[in-house]
Amino acid sequence: NAKQAGRDNFKIFELTMARDASDQFNFEQTLRQAIQSAHQFVMFYQPKVNQHRELVGLEALVRLELSPGKFTSPAEFIPVAEESGQIIALEELILRLVFAQLASWHHTYPLTPRVSINLSGIHLLSDTFLPFLNQCMEEFAIPGAWIEFEVTESVFLNDIERCIQVLQVLQGMEIAISIDDFGTGYSSLNYLKNLPVDVLKIDRSFVLECASQKEDAKICSTIIELASTLGLSTIAEGVENHAQFEFLATHGCDNFQGYHFYRPLSVTRIDELLATTLEVSETH
Ligand code: C2E
Ligand code: MG
Ligand code: MG
Ligand code: MG
């Protein structure tokens with residue numbers, strides 16, 4: 001009967017909850033061990049290109065390799081790291097991995113483009129962020145002009161004054177700042193006007209149908225206009241086909257990133273790319 005079914009449903013619900021909670025706990029432990037041992041995090045890099053398809057940047061994207069060749073997406077473990085108080089330790093590890101790589105690339109290819117690193121708002125606003133960053137840049141001899149941070153709009157909801165302060169320090173160090181997934185959050189135009197940022201990164205959800213749907217087309221062109229009004233540059237993420245690229249390029253979008261150009265690539269593949277694309281410029 002219905003009452004019985006209701007009880008059974010409740011039981012199933014409880015069991016599912018219990019399993020999710022212990023799964024979550026187990027995963028937090030797995031993550032904790034991975035951060036401690038530091039060996040299972042692997043960085044991939046996705047190229048960014050300009051309207052002429054020339055390489056203008058790389059985005060560092062972390063993966064967790066729990067068993068050889070089996071990569072867990074950051075979309076799964078970054079939120080868990082944030083909820084379980086591990087995001088700062090994880091991002092400090094990532095910064096070290098990226099800086100070591102960047103030093104090595106610049107040694108071989110002095111024209112290596114800027115590398116962007118995604119940064120959690122929790123980390124950006126923590127007291128340890130700037131001291132750690134300074135120490136790490138010194139240790140690996142990384143000038144600010146080699147790096148960029150990508151932050152999402154959610155960070156501005158917290159402590160806007162502190163946020164502006166930290167971003168100003170970064171700007172003073174010649175580090176570039178982009179607002180990731182732009183358009184999906186809550187940036188008020190008033191904040192945007194006062195924020196020391198350099199790039200608006202148009203979210204993939206608007207890019208997806210920008211060439212086929214008038215609302216998304218208008219949203220993309222409006223973001224590009226807004227950026228231009230504020231003296232910022234634009235990059236579109238998740239560009240998967242020529243129609244999207246053409247639409248965005250026609251409307252003045254500066255840079256592009258997505259499967260239509262390159263997927264996130266292993267270091268070996270980026271090495272090959274730098275060797276072939278930067279070769280010409282280096283002989284000048
Ligand atoms: P994001 O910063 O917006 O990164 C873009 C995501 O879109 C990446 O997924 C990338 O692989 C994917 N992508 C790129 N081009 C395309 C495309 O043309 N089509 C489609 N469908 N997807 C595309 P990924 O690597 O799984 O990263 C997911 C998110 O995880 C990132 O979103 C970022 O928020 C976070 N993340 C990645 N690495 C880090 C990190 O080192 N630190 C922090 N805090 N977050 C990270
Ligand atoms: Mg990003
Ligand atoms: Mg993004
Ligand atoms: Mg995104």
# chains A, B, ... in the order shown; residues from 1 in each chain; ligands from 1
>>> closest_atom_pairs(of="chain A", to="ligand 4", cutoff="9 Å", atoms="only C-alpha atoms and all ligand atoms", output="CSV")
residue,atom,partner,partner_atom_place_in_ligand_line,distance
A:Asp180,CA,ligand 4,1 (Mg),6.8
A:Asp181,CA,ligand 4,1 (Mg),4.9
A:Phe182,CA,ligand 4,1 (Mg),8.6
A:Lys201,CA,ligand 4,1 (Mg),8.8
A:Ile202,CA,ligand 4,1 (Mg),8.6
A:Asp203,CA,ligand 4,1 (Mg),5.7
A:Arg204,CA,ligand 4,1 (Mg),5.9
A:Ser205,CA,ligand 4,1 (Mg),8.0
A:Glu237,CA,ligand 4,1 (Mg),7.0
A:Gly238,CA,ligand 4,1 (Mg),7.8
>>> select_by_dssp(residues="segment 8-90 of chain A", states="strand (DSSP E or B)", output="list in words")
Phe41, Val42, Met43, Phe44, Tyr45, Gln46, Pro47, Lys48, Val49, Asn50, Leu55, Val56, Gly57, Leu58, Glu59, Ala60, Leu61, Val62, Arg63, Leu64, Glu65, Leu66, Ser67, Lys70, Phe71 and Thr72 of chain A
>>> closest_residue(among="A:Thr268, A:Ile224, A:Gln257, A:Ser188", to="Glu54 of chain A", atoms="only C-alpha atoms")
A:Gln257
>>> residues_near_ligand(ligand="ligand 2", cutoff="9 Å", atoms="only C-alpha atoms and all ligand atoms", output="list in words")
Glu59, Ala60, Leu61, Ser116, Ile117, Asn118, Leu119, Phe149, Glu150, Val151, Thr152, Ser178, Ile179, Asp180, Asp181, Lys201 and Glu237 of chain A
>>> select_by_dssp(residues="segment 125-180 of chain A", states="helix (DSSP H, G or I)", output="MDAnalysis selection string")
chainID A and resid 129:140 144:146 153:157 160:172
>>> closest_residue(among="A:Tyr109, A:Phe247, A:Phe27, A:Phe206", to="ligand 1", atoms="only C-alpha atoms and all ligand atoms")
A:Phe206
>>> closest_residue(among="A:Ala217, A:Met137, A:Leu265, A:Val42", to="Lys70 of chain A", atoms="only C-alpha atoms")
A:Val42
>>> closest_residue(among="A:Val49, A:Ala100, A:Leu278, A:Ala75", to="ligand 3", atoms="only C-alpha atoms and all ligand atoms")
A:Ala75
>>> atom_distance(atom1="atom CA of Ile94 of chain A", atom2="atom CA of Ala176 of chain A")
17.8 Å
>>> atom_distance(atom1="atom 27 (O, counted along the ligand's line) of ligand 1", atom2="atom CA of Asp271 of chain A")
21.0 Å
>>> closest_residue(among="A:Thr222, A:Thr184, A:Ser104, A:Asn255", to="ligand 3", atoms="only C-alpha atoms and all ligand atoms")
A:Thr184
>>> atom_distance(atom1="atom CA of Ala236 of chain A", atom2="atom CA of Leu189 of chain A")
19.6 Å
>>> closest_residue(among="A:Val207, A:Ile78, A:Leu55, A:Cys253", to="Glu225 of chain A", atoms="only C-alpha atoms")
A:Cys253
